[in-house]
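Asker: Quick one: the structure is below, and I'll ask about it shortly.
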Amino acid sequence: MLKASKYETVTRFDLARTIAGRGRYWTTAYSIDGLLVDTGCAYTANELVGALDGVPLTYVVNTHSHEDHIGANGPLQQERSNLDILAHPLALPILARPRERQPLHLYRRLYWGWPEPSSGKSVTHHETIESEHYRFRVIYTPGHSPDHLCLYEPDRGWLFTGDLFVGGQERALRADYDIWQIIDSLKHIARLSVNWLFPGSARVRENPKEDLNSKISYLEEFGGSVLKLYEKGRGVKSIVRALCGKPLPVELITLGHFSRRNLVLSFIRNRPEGDETSC
Ligand SMILES: [Zn+2]
């Protein structure tokens, strides 16, 4: 399923596999002035390629290598021989061999599927990617994944945040995320002057400073509460019970890969240096 919408000169594509007539677990791609930010999942690759028919493209930029952001890389590259796919250097081996380098859990195969391989080029932190009318600054923003980056267009105040910021308040986390790195990356982008925030899923936000700051405060306060209980000798299970509320449907769907327990564990395992408590 594909839905297109427009914000200034940015075209947003909402993309999701259709199951029983409904789109499930939407992700986004954005097309601006010959540049495409992310490419959705494998199940929506043909729809996205079709929607971009006749649209000139010079670059694809992948915000990170998760399968729901690189799904149409391969088909687009096969169709357009001059298309450059740009990503964080750590993402390139995954783009090249997604099946070998990024094993997928059952729920990920069901909702997003295996992407076809593609060949990417690396971009560096603070590098500028120029389109005809705009310039996009690359900002490395690890945490959601080690290869995550955001794109910032300073003249327009556009920020493409991939999965670093999708709104809401995390109550669960995947086992491989680093929550303290996520907080640091959020602080980095919260310092920018942003008019429009274009996330990797969820709604576009105008003047997002307050949303960003409230997410940072929520996560820091939550992390502080976790560490306080941990330092008092409470176990992870007991901390989850005290702070995380009822079990979440996502824990069942992902068979525990996305869980309240992983959120608590990341606050403990990845806590900043200087905290002497051993885990
Ligand atoms: Zn992701």
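Every chain in the structure tokens has a letter given in the order shown (A, B, ...), and although residue numbers restart at 1 in each chain, ligands are simply numbered from 1 in the order shown.
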Where does DSSP see alpha helix (DSSP H) in region 58-153 of chain A, if you list the residues as a list in words?
Answerer: Asn73, Gly74, Pro75, Leu76, Gln77, Gln78, Glu79, Leu92, Pro93, Ile94, Leu95, Ala96, Pro98, Arg99, Glu100, Arg101, Leu106, Tyr107, Arg108, Arg109, Leu110 and Tyr111 of chain A
Asker: Kindly save the residues from that selection, with N, CA and C atoms included, as a compact mmCIF listing (two decimals), in the first residue's frame.
Answerer:
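Resulting contents of out-v3.txt:
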# COMPACT_ATOMS: atom_id res chain seq x y z
N ASN A 73 15.87 -0.29 -2.70
CA ASN A 73 17.20 0.08 -3.20
C ASN A 73 17.57 -0.71 -4.45
N GLY A 74 17.47 -2.04 -4.35
CA GLY A 74 17.89 -2.92 -5.45
C GLY A 74 17.11 -2.64 -6.73
N PRO A 75 15.77 -2.71 -6.69
CA PRO A 75 14.99 -2.44 -7.90
C PRO A 75 15.25 -1.05 -8.50
N LEU A 76 15.41 -0.04 -7.66
CA LEU A 76 15.68 1.31 -8.18
C LEU A 76 17.04 1.36 -8.87
N GLN A 77 18.01 0.71 -8.26
CA GLN A 77 19.36 0.72 -8.84
C GLN A 77 19.40 -0.06 -10.16
N GLN A 78 18.64 -1.15 -10.21
CA GLN A 78 18.59 -1.92 -11.46
C GLN A 78 17.97 -1.08 -12.59
N GLU A 79 16.98 -0.28 -12.22
CA GLU A 79 16.26 0.50 -13.23
C GLU A 79 17.03 1.75 -13.67
N LEU A 92 26.90 -0.29 4.50
CA LEU A 92 27.17 -0.77 3.14
C LEU A 92 27.23 -2.30 3.02
N PRO A 93 27.89 -3.00 3.96
CA PRO A 93 27.90 -4.47 3.84
C PRO A 93 26.50 -5.08 3.95
N ILE A 94 25.63 -4.42 4.71
CA ILE A 94 24.25 -4.93 4.87
C ILE A 94 23.46 -4.67 3.59
N LEU A 95 23.65 -3.50 3.00
CA LEU A 95 22.99 -3.20 1.71
C LEU A 95 23.41 -4.25 0.66
N ALA A 96 24.70 -4.58 0.67
CA ALA A 96 25.23 -5.47 -0.36
C ALA A 96 24.74 -6.90 -0.18
N PRO A 98 22.00 -8.30 2.26
CA PRO A 98 21.05 -8.19 3.37
C PRO A 98 20.73 -9.52 4.05
N ARG A 99 20.59 -10.58 3.28
CA ARG A 99 20.21 -11.85 3.89
C ARG A 99 21.29 -12.40 4.81
N GLU A 100 22.55 -12.23 4.38
CA GLU A 100 23.65 -12.77 5.21
C GLU A 100 23.96 -11.85 6.39
N ARG A 101 23.88 -10.53 6.18
CA ARG A 101 24.36 -9.60 7.20
C ARG A 101 23.29 -9.12 8.16
N LEU A 106 11.01 -13.50 12.60
CA LEU A 106 9.78 -13.85 11.89
C LEU A 106 8.90 -12.62 11.62
N TYR A 107 8.71 -11.77 12.65
CA TYR A 107 7.82 -10.61 12.46
C TYR A 107 8.38 -9.66 11.42
N ARG A 108 9.70 -9.55 11.32
CA ARG A 108 10.30 -8.65 10.34
C ARG A 108 10.14 -9.22 8.93
N ARG A 109 10.26 -10.55 8.82
CA ARG A 109 10.04 -11.17 7.50
C ARG A 109 8.59 -11.00 7.08
N LEU A 110 7.69 -11.11 8.05
CA LEU A 110 6.26 -11.02 7.75
C LEU A 110 5.87 -9.61 7.31
N TYR A 111 6.33 -8.59 8.01
CA TYR A 111 5.87 -7.23 7.72
C TYR A 111 6.72 -6.51 6.66
Asker: Using only C-alpha atoms and all ligand atoms, what are the residues with an atom within 9 Å of ligand 1, set out as number ranges by chain?
Answerer: A: 63-69, 144-145, 148, 162-164, 200
Asker: Okay, now the selection with N, CA, C and O atoms, as an mmCIF file, in the first residue's frame?
Answerer:
data_model
loop_
_atom_site.group_PDB
_atom_site.id
_atom_site.type_symbol
_atom_site.label_atom_id
_atom_site.label_comp_id
_atom_site.auth_asym_id
_atom_site.auth_seq_id
_atom_site.Cartn_x
_atom_site.Cartn_y
_atom_site.Cartn_z
ATOM 1 N N THR A 63 18.686 6.270 5.665
ATOM 2 C CA THR A 63 18.970 6.753 7.024
ATOM 3 C C THR A 63 19.628 5.660 7.871
ATOM 4 O O THR A 63 20.352 5.959 8.809
ATOM 5 N N HIS A 64 19.349 4.403 7.537
ATOM 6 C CA HIS A 64 20.015 3.271 8.192
ATOM 7 C C HIS A 64 19.673 2.005 7.418
ATOM 8 O O HIS A 64 18.907 2.051 6.453
ATOM 9 N N SER A 65 20.226 0.894 7.868
ATOM 10 C CA SER A 65 20.170 -0.317 7.032
ATOM 11 C C SER A 65 19.012 -1.250 7.377
ATOM 12 O O SER A 65 18.955 -2.351 6.837
ATOM 13 N N HIS A 66 18.116 -0.856 8.281
ATOM 14 C CA HIS A 66 16.998 -1.752 8.592
ATOM 15 C C HIS A 66 16.177 -2.022 7.329
ATOM 16 O O HIS A 66 16.021 -1.150 6.470
ATOM 17 N N GLU A 67 15.636 -3.248 7.280
ATOM 18 C CA GLU A 67 15.004 -3.750 6.048
ATOM 19 C C GLU A 67 13.807 -2.919 5.602
ATOM 20 O O GLU A 67 13.457 -2.936 4.415
ATOM 21 N N ASP A 68 13.188 -2.167 6.524
ATOM 22 C CA ASP A 68 12.029 -1.357 6.143
ATOM 23 C C ASP A 68 12.436 0.029 5.617
ATOM 24 O O ASP A 68 11.577 0.887 5.404
ATOM 25 N N HIS A 69 13.732 0.227 5.415
ATOM 26 C CA HIS A 69 14.217 1.506 4.871
ATOM 27 C C HIS A 69 15.044 1.330 3.606
ATOM 28 O O HIS A 69 15.423 2.317 2.976
ATOM 29 N N HIS A 144 19.651 3.952 17.489
ATOM 30 C CA HIS A 144 18.630 3.070 16.919
ATOM 31 C C HIS A 144 19.330 1.928 16.178
ATOM 32 O O HIS A 144 18.912 0.781 16.215
ATOM 33 N N SER A 145 20.402 2.286 15.478
ATOM 34 C CA SER A 145 21.331 1.311 14.903
ATOM 35 C C SER A 145 22.679 2.019 14.840
ATOM 36 O O SER A 145 22.731 3.254 14.851
ATOM 37 N N HIS A 148 23.050 4.652 11.829
ATOM 38 C CA HIS A 148 21.951 5.592 11.613
ATOM 39 C C HIS A 148 22.475 6.999 11.329
ATOM 40 O O HIS A 148 23.448 7.451 11.931
ATOM 41 N N GLY A 162 14.754 9.563 10.018
ATOM 42 C CA GLY A 162 14.714 8.098 9.998
ATOM 43 C C GLY A 162 13.970 7.573 11.211
ATOM 44 O O GLY A 162 12.912 8.089 11.577
ATOM 45 N N ASP A 163 14.547 6.585 11.872
ATOM 46 C CA ASP A 163 13.890 6.025 13.057
ATOM 47 C C ASP A 163 14.459 6.582 14.359
ATOM 48 O O ASP A 163 14.127 6.086 15.436
ATOM 49 N N LEU A 164 15.319 7.603 14.278
ATOM 50 C CA LEU A 164 15.802 8.204 15.525
ATOM 51 C C LEU A 164 14.650 8.856 16.278
ATOM 52 O O LEU A 164 14.494 8.700 17.476
ATOM 53 N N GLY A 200 10.826 8.607 9.991
ATOM 54 C CA GLY A 200 10.793 7.350 9.230
ATOM 55 C C GLY A 200 9.485 6.606 9.357
ATOM 56 O O GLY A 200 9.252 5.627 8.635
#
Asker: Taking the chain letters and numbering used in this document, name the residues of region 25-219 of chain A that DSSP puts in strand (DSSP E or B), as an mmCIF file with N, CA, C and O atoms, in the first residue's frame.
Answerer:
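The new file selection09.cif reads:
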data_model
loop_
_atom_site.group_PDB
_atom_site.id
_atom_site.type_symbol
_atom_site.label_atom_id
_atom_site.label_comp_id
_atom_site.auth_asym_id
_atom_site.auth_seq_id
_atom_site.Cartn_x
_atom_site.Cartn_y
_atom_site.Cartn_z
ATOM 1 N N TYR A 25 2.236 -1.682 9.778
ATOM 2 C CA TYR A 25 3.566 -1.180 10.144
ATOM 3 C C TYR A 25 4.186 -0.319 9.029
ATOM 4 O O TYR A 25 5.053 -0.751 8.300
ATOM 5 N N TRP A 26 3.670 0.897 8.960
ATOM 6 C CA TRP A 26 4.036 1.838 7.902
ATOM 7 C C TRP A 26 5.456 2.360 8.079
ATOM 8 O O TRP A 26 5.906 2.588 9.194
ATOM 9 N N THR A 27 6.122 2.557 6.959
ATOM 10 C CA THR A 27 7.367 3.325 6.978
ATOM 11 C C THR A 27 7.261 4.395 5.889
ATOM 12 O O THR A 27 6.290 4.410 5.129
ATOM 13 N N THR A 28 8.258 5.260 5.825
ATOM 14 C CA THR A 28 8.157 6.374 4.883
ATOM 15 C C THR A 28 9.375 6.467 3.967
ATOM 16 O O THR A 28 10.456 5.977 4.285
ATOM 17 N N ALA A 29 9.150 7.109 2.829
ATOM 18 C CA ALA A 29 10.243 7.546 1.955
ATOM 19 C C ALA A 29 9.904 8.981 1.563
ATOM 20 O O ALA A 29 8.721 9.365 1.542
ATOM 21 N N TYR A 30 10.914 9.791 1.298
ATOM 22 C CA TYR A 30 10.682 11.194 0.927
ATOM 23 C C TYR A 30 11.460 11.511 -0.344
ATOM 24 O O TYR A 30 12.649 11.187 -0.448
ATOM 25 N N SER A 31 10.783 12.147 -1.278
ATOM 26 C CA SER A 31 11.412 12.516 -2.541
ATOM 27 C C SER A 31 11.476 14.040 -2.638
ATOM 28 O O SER A 31 10.448 14.719 -2.520
ATOM 29 N N ILE A 32 12.698 14.549 -2.819
ATOM 30 C CA ILE A 32 12.898 16.003 -2.896
ATOM 31 C C ILE A 32 13.978 16.306 -3.909
ATOM 32 O O ILE A 32 15.137 15.926 -3.698
ATOM 33 N N LEU A 35 16.440 13.720 -4.889
ATOM 34 C CA LEU A 35 16.995 12.928 -3.790
ATOM 35 C C LEU A 35 15.851 12.148 -3.130
ATOM 36 O O LEU A 35 14.771 12.699 -2.900
ATOM 37 N N LEU A 36 16.104 10.879 -2.846
ATOM 38 C CA LEU A 36 15.096 10.044 -2.181
ATOM 39 C C LEU A 36 15.658 9.598 -0.835
ATOM 40 O O LEU A 36 16.753 9.013 -0.770
ATOM 41 N N VAL A 37 14.931 9.898 0.237
ATOM 42 C CA VAL A 37 15.356 9.485 1.569
ATOM 43 C C VAL A 37 14.619 8.194 1.911
ATOM 44 O O VAL A 37 13.397 8.189 2.066
ATOM 45 N N TYR A 59 20.147 10.720 -6.211
ATOM 46 C CA TYR A 59 20.615 10.028 -5.003
ATOM 47 C C TYR A 59 19.468 9.340 -4.270
ATOM 48 O O TYR A 59 18.358 9.888 -4.171
ATOM 49 N N VAL A 60 19.810 8.187 -3.713
ATOM 50 C CA VAL A 60 19.033 7.646 -2.604
ATOM 51 C C VAL A 60 19.918 7.799 -1.371
ATOM 52 O O VAL A 60 21.118 7.516 -1.429
ATOM 53 N N VAL A 61 19.357 8.262 -0.278
ATOM 54 C CA VAL A 61 20.091 8.256 0.985
ATOM 55 C C VAL A 61 19.323 7.361 1.947
ATOM 56 O O VAL A 61 18.128 7.586 2.184
ATOM 57 N N ASP A 84 23.051 6.976 -7.403
ATOM 58 C CA ASP A 84 23.980 6.727 -6.294
ATOM 59 C C ASP A 84 23.184 6.445 -5.026
ATOM 60 O O ASP A 84 22.294 7.229 -4.673
ATOM 61 N N ILE A 85 23.523 5.360 -4.355
ATOM 62 C CA ILE A 85 22.893 5.069 -3.063
ATOM 63 C C ILE A 85 23.904 5.398 -1.976
ATOM 64 O O ILE A 85 25.013 4.846 -1.955
ATOM 65 N N LEU A 86 23.537 6.324 -1.109
ATOM 66 C CA LEU A 86 24.457 6.824 -0.083
ATOM 67 C C LEU A 86 23.993 6.380 1.294
ATOM 68 O O LEU A 86 22.799 6.409 1.600
ATOM 69 N N ALA A 87 24.960 5.988 2.133
ATOM 70 C CA ALA A 87 24.603 5.527 3.481
ATOM 71 C C ALA A 87 25.841 5.592 4.368
ATOM 72 O O ALA A 87 26.962 5.836 3.897
ATOM 73 N N GLY A 120 26.087 0.493 -2.299
ATOM 74 C CA GLY A 120 26.049 1.850 -1.756
ATOM 75 C C GLY A 120 27.423 2.497 -1.697
ATOM 76 O O GLY A 120 28.453 1.832 -1.810
ATOM 77 N N LYS A 121 27.415 3.817 -1.528
ATOM 78 C CA LYS A 121 28.651 4.582 -1.294
ATOM 79 C C LYS A 121 28.530 5.236 0.075
ATOM 80 O O LYS A 121 27.436 5.656 0.469
ATOM 81 N N SER A 122 29.662 5.389 0.760
ATOM 82 C CA SER A 122 29.561 5.911 2.122
ATOM 83 C C SER A 122 29.549 7.439 2.141
ATOM 84 O O SER A 122 30.142 8.098 1.280
ATOM 85 N N THR A 128 28.165 17.272 3.003
ATOM 86 C CA THR A 128 26.986 17.899 2.389
ATOM 87 C C THR A 128 26.661 17.217 1.063
ATOM 88 O O THR A 128 27.545 17.018 0.228
ATOM 89 N N ILE A 129 25.403 16.860 0.906
ATOM 90 C CA ILE A 129 24.929 16.281 -0.353
ATOM 91 C C ILE A 129 24.123 17.379 -1.044
ATOM 92 O O ILE A 129 23.159 17.892 -0.477
ATOM 93 N N GLU A 130 24.537 17.723 -2.254
ATOM 94 C CA GLU A 130 23.860 18.835 -2.937
ATOM 95 C C GLU A 130 22.917 18.334 -4.013
ATOM 96 O O GLU A 130 23.293 17.526 -4.848
ATOM 97 N N ARG A 135 20.814 21.804 -0.132
ATOM 98 C CA ARG A 135 22.005 21.097 0.345
ATOM 99 C C ARG A 135 21.629 20.398 1.643
ATOM 100 O O ARG A 135 21.011 20.995 2.533
ATOM 101 N N PHE A 136 21.982 19.156 1.699
ATOM 102 C CA PHE A 136 21.582 18.315 2.831
ATOM 103 C C PHE A 136 22.834 17.914 3.611
ATOM 104 O O PHE A 136 23.742 17.303 3.046
ATOM 105 N N ARG A 137 22.837 18.268 4.900
ATOM 106 C CA ARG A 137 23.988 17.906 5.724
ATOM 107 C C ARG A 137 23.741 16.546 6.381
ATOM 108 O O ARG A 137 22.667 16.292 6.937
ATOM 109 N N VAL A 138 24.749 15.687 6.296
ATOM 110 C CA VAL A 138 24.663 14.364 6.926
ATOM 111 C C VAL A 138 25.048 14.500 8.397
ATOM 112 O O VAL A 138 26.061 15.111 8.718
ATOM 113 N N ILE A 139 24.226 13.943 9.274
ATOM 114 C CA ILE A 139 24.552 13.947 10.708
ATOM 115 C C ILE A 139 24.466 12.513 11.215
ATOM 116 O O ILE A 139 23.386 11.902 11.195
ATOM 117 N N TYR A 140 25.592 11.971 11.638
ATOM 118 C CA TYR A 140 25.558 10.613 12.202
ATOM 119 C C TYR A 140 24.784 10.646 13.517
ATOM 120 O O TYR A 140 25.060 11.483 14.386
ATOM 121 N N LEU A 149 21.814 7.678 10.409
ATOM 122 C CA LEU A 149 22.134 9.093 10.160
ATOM 123 C C LEU A 149 20.850 9.878 9.907
ATOM 124 O O LEU A 149 19.811 9.316 9.562
ATOM 125 N N CYS A 150 20.943 11.192 10.133
ATOM 126 C CA CYS A 150 19.847 12.101 9.789
ATOM 127 C C CYS A 150 20.341 13.014 8.667
ATOM 128 O O CYS A 150 21.542 13.184 8.464
ATOM 129 N N LEU A 151 19.404 13.618 7.964
ATOM 130 C CA LEU A 151 19.733 14.587 6.918
ATOM 131 C C LEU A 151 19.087 15.917 7.271
ATOM 132 O O LEU A 151 17.894 15.961 7.590
ATOM 133 N N TYR A 152 19.871 16.988 7.169
ATOM 134 C CA TYR A 152 19.390 18.308 7.576
ATOM 135 C C TYR A 152 19.608 19.308 6.448
ATOM 136 O O TYR A 152 20.721 19.432 5.931
ATOM 137 N N GLU A 153 18.530 19.974 6.086
ATOM 138 C CA GLU A 153 18.630 21.031 5.076
ATOM 139 C C GLU A 153 18.502 22.364 5.821
ATOM 140 O O GLU A 153 17.400 22.763 6.205
ATOM 141 N N TRP A 158 14.630 21.696 7.182
ATOM 142 C CA TRP A 158 14.070 20.345 7.074
ATOM 143 C C TRP A 158 15.000 19.360 7.767
ATOM 144 O O TRP A 158 16.221 19.386 7.556
ATOM 145 N N LEU A 159 14.423 18.467 8.534
ATOM 146 C CA LEU A 159 15.225 17.423 9.177
ATOM 147 C C LEU A 159 14.571 16.067 8.927
ATOM 148 O O LEU A 159 13.409 15.862 9.283
ATOM 149 N N PHE A 160 15.325 15.171 8.318
ATOM 150 C CA PHE A 160 14.846 13.807 8.054
ATOM 151 C C PHE A 160 15.469 12.898 9.106
ATOM 152 O O PHE A 160 16.695 12.737 9.134
ATOM 153 N N THR A 161 14.628 12.343 9.971
ATOM 154 C CA THR A 161 15.166 11.699 11.173
ATOM 155 C C THR A 161 15.168 10.175 11.125
ATOM 156 O O THR A 161 15.559 9.549 12.110
ATOM 157 N N GLY A 162 14.754 9.563 10.018
ATOM 158 C CA GLY A 162 14.714 8.098 9.998
ATOM 159 C C GLY A 162 13.970 7.573 11.211
ATOM 160 O O GLY A 162 12.912 8.089 11.577
ATOM 161 N N LEU A 173 11.824 -1.618 23.793
ATOM 162 C CA LEU A 173 12.995 -1.385 22.952
ATOM 163 C C LEU A 173 13.438 -2.709 22.348
ATOM 164 O O LEU A 173 13.215 -3.769 22.932
ATOM 165 N N ARG A 174 14.097 -2.623 21.189
ATOM 166 C CA ARG A 174 14.660 -3.827 20.601
ATOM 167 C C ARG A 174 15.990 -4.130 21.268
ATOM 168 O O ARG A 174 16.679 -3.233 21.738
ATOM 169 N N TRP A 196 10.559 21.751 9.861
ATOM 170 C CA TRP A 196 9.789 20.546 9.559
ATOM 171 C C TRP A 196 10.614 19.315 9.883
ATOM 172 O O TRP A 196 11.746 19.191 9.419
ATOM 173 N N LEU A 197 10.022 18.410 10.646
ATOM 174 C CA LEU A 197 10.695 17.147 10.955
ATOM 175 C C LEU A 197 9.982 16.024 10.206
ATOM 176 O O LEU A 197 8.771 15.834 10.363
ATOM 177 N N PHE A 198 10.741 15.322 9.372
ATOM 178 C CA PHE A 198 10.188 14.234 8.559
ATOM 179 C C PHE A 198 10.702 12.897 9.105
ATOM 180 O O PHE A 198 11.856 12.533 8.832
ATOM 181 N N PRO A 199 9.871 12.168 9.840
ATOM 182 C CA PRO A 199 10.349 10.934 10.467
ATOM 183 C C PRO A 199 10.221 9.707 9.559
ATOM 184 O O PRO A 199 9.554 9.753 8.521
ATOM 185 N N ARG A 205 6.140 16.631 11.668
ATOM 186 C CA ARG A 205 5.906 17.648 12.699
ATOM 187 C C ARG A 205 6.480 18.994 12.278
ATOM 188 O O ARG A 205 7.624 19.060 11.828
ATOM 189 N N GLU A 206 5.653 20.036 12.474
ATOM 190 C CA GLU A 206 6.118 21.394 12.213
ATOM 191 C C GLU A 206 6.639 21.966 13.529
ATOM 192 O O GLU A 206 6.054 21.716 14.588
#
Asker: Using only C-alpha atoms, which of A:Gly168, A:His105, A:Gly113, A:His257 sits nearest Ala202 (chain A)?
Answerer: A:Gly168
Asker: Select, from A:Arg80, A:Ala172, A:Ser193, A:Ile216, the residue with the minimum atom-to-atom distance to Gly245 (chain A), counting only C-alpha atoms.
Answerer: A:Ala172
Asker: Restrict the calculation to only C-alpha atoms, then for each residue of region 86-180 of chain A with any atom at most 10 Å from an atom of region 221-233 of chain A give the closest atom pair and their distance in Å to one decimal, rows by chain and rising residue number, as JSON lines.
Answerer:
{"residue": "A:Glu170", "atom": "CA", "partner": "A:Phe222", "partner_atom": "CA", "distance": 9.8}
{"residue": "A:Arg171", "atom": "CA", "partner": "A:Phe222", "partner_atom": "CA", "distance": 9.7}
{"residue": "A:Ile179", "atom": "CA", "partner": "A:Gly223", "partner_atom": "CA", "distance": 8.8}
{"residue": "A:Trp180", "atom": "CA", "partner": "A:Gly223", "partner_atom": "CA", "distance": 8.6}
Asker: For the residues selected in the previous step, produce a file with N, CA, C and O atoms as a CSV table (one decimal), in the first residue's frame.
Answerer:
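Written output follows (out-v1.csv):
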chain,number,residue,atom,x,y,z
A,170,GLU,N,8.9,5.9,24.3
A,170,GLU,CA,9.2,4.4,24.2
A,170,GLU,C,8.8,3.7,25.5
A,170,GLU,O,9.2,4.2,26.6
A,171,ARG,N,8.1,2.7,25.4
A,171,ARG,CA,7.9,1.8,26.5
A,171,ARG,C,8.5,0.4,26.3
A,171,ARG,O,8.5,-0.4,27.2
A,179,ILE,N,20.0,2.9,24.1
A,179,ILE,CA,19.1,4.0,24.5
A,179,ILE,C,19.9,5.2,24.9
A,179,ILE,O,19.4,6.4,24.6
A,180,TRP,N,21.1,5.1,25.5
A,180,TRP,CA,21.8,6.3,25.8
A,180,TRP,C,22.4,7.0,24.6
A,180,TRP,O,22.5,8.2,24.5
Asker: What separation in Å, quoted to one decimal, exists between CA of Leu48 (chain A) and CA of Thr11 (chain A)?
Answerer: 12.1 Å
Asker: Using only C-alpha atoms, which of the listed residues (A:Asp53, A:Gly71, A:Ala175, A:Arg24) sits closest to Gly256 (chain A)?
Answerer: A:Ala175
Asker: Between A:Ala51, A:Leu212, A:Leu265, A:Ile189, single out the one closest to Ser5 (chain A), counting only C-alpha atoms.
Answerer: A:Ala51
Asker: Quick one: distance from CA of Phe267 (chain A) to CA of Ala190 (chain A) in Å, one decimal?
Answerer: 20.8 Å
Asker: In Å, rounded to a single decimal, give me how far CA of Val250 (chain A) is from CA of Asp14 (chain A).
Answerer: 20.8 Å
Asker: Tell me which of A:His188, A:Arg260, A:Arg22, A:His126 sits closest to Met1 (chain A), counting only C-alpha atoms.
Answerer: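 Looking only at the distances to Met1 (chain A), the closest residue turns out to be A:Arg22.
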Asker: Calculated over only C-alpha atoms, which of the candidates A:Lys237, A:Pro117, A:Ile70, A:Gly34 has the smallest distance to Leu83 (chain A)?
Answerer: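 Among the listed residues, the smallest separation from Leu83 (chain A) belongs to A:Gly34.
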Asker: Tell me which protein, DNA and RNA residues are within 10 Å of Arg241 (chain A), counting only C-alpha atoms, leaving out same-chain ones fewer than 5 positions away, and put them as a compact mmCIF listing (two decimals) with C-alpha atoms, in the first residue's frame.
Answerer:
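part30.txt was written with the following content:
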# COMPACT_ATOMS: atom_id res chain seq x y z
CA VAL A 236 15.61 -6.23 35.97
CA LYS A 246 1.39 -3.85 31.65
CA PRO A 247 2.74 -6.21 28.93
CA ARG A 260 9.99 -3.49 28.21
CA ARG A 261 12.78 -5.69 29.54
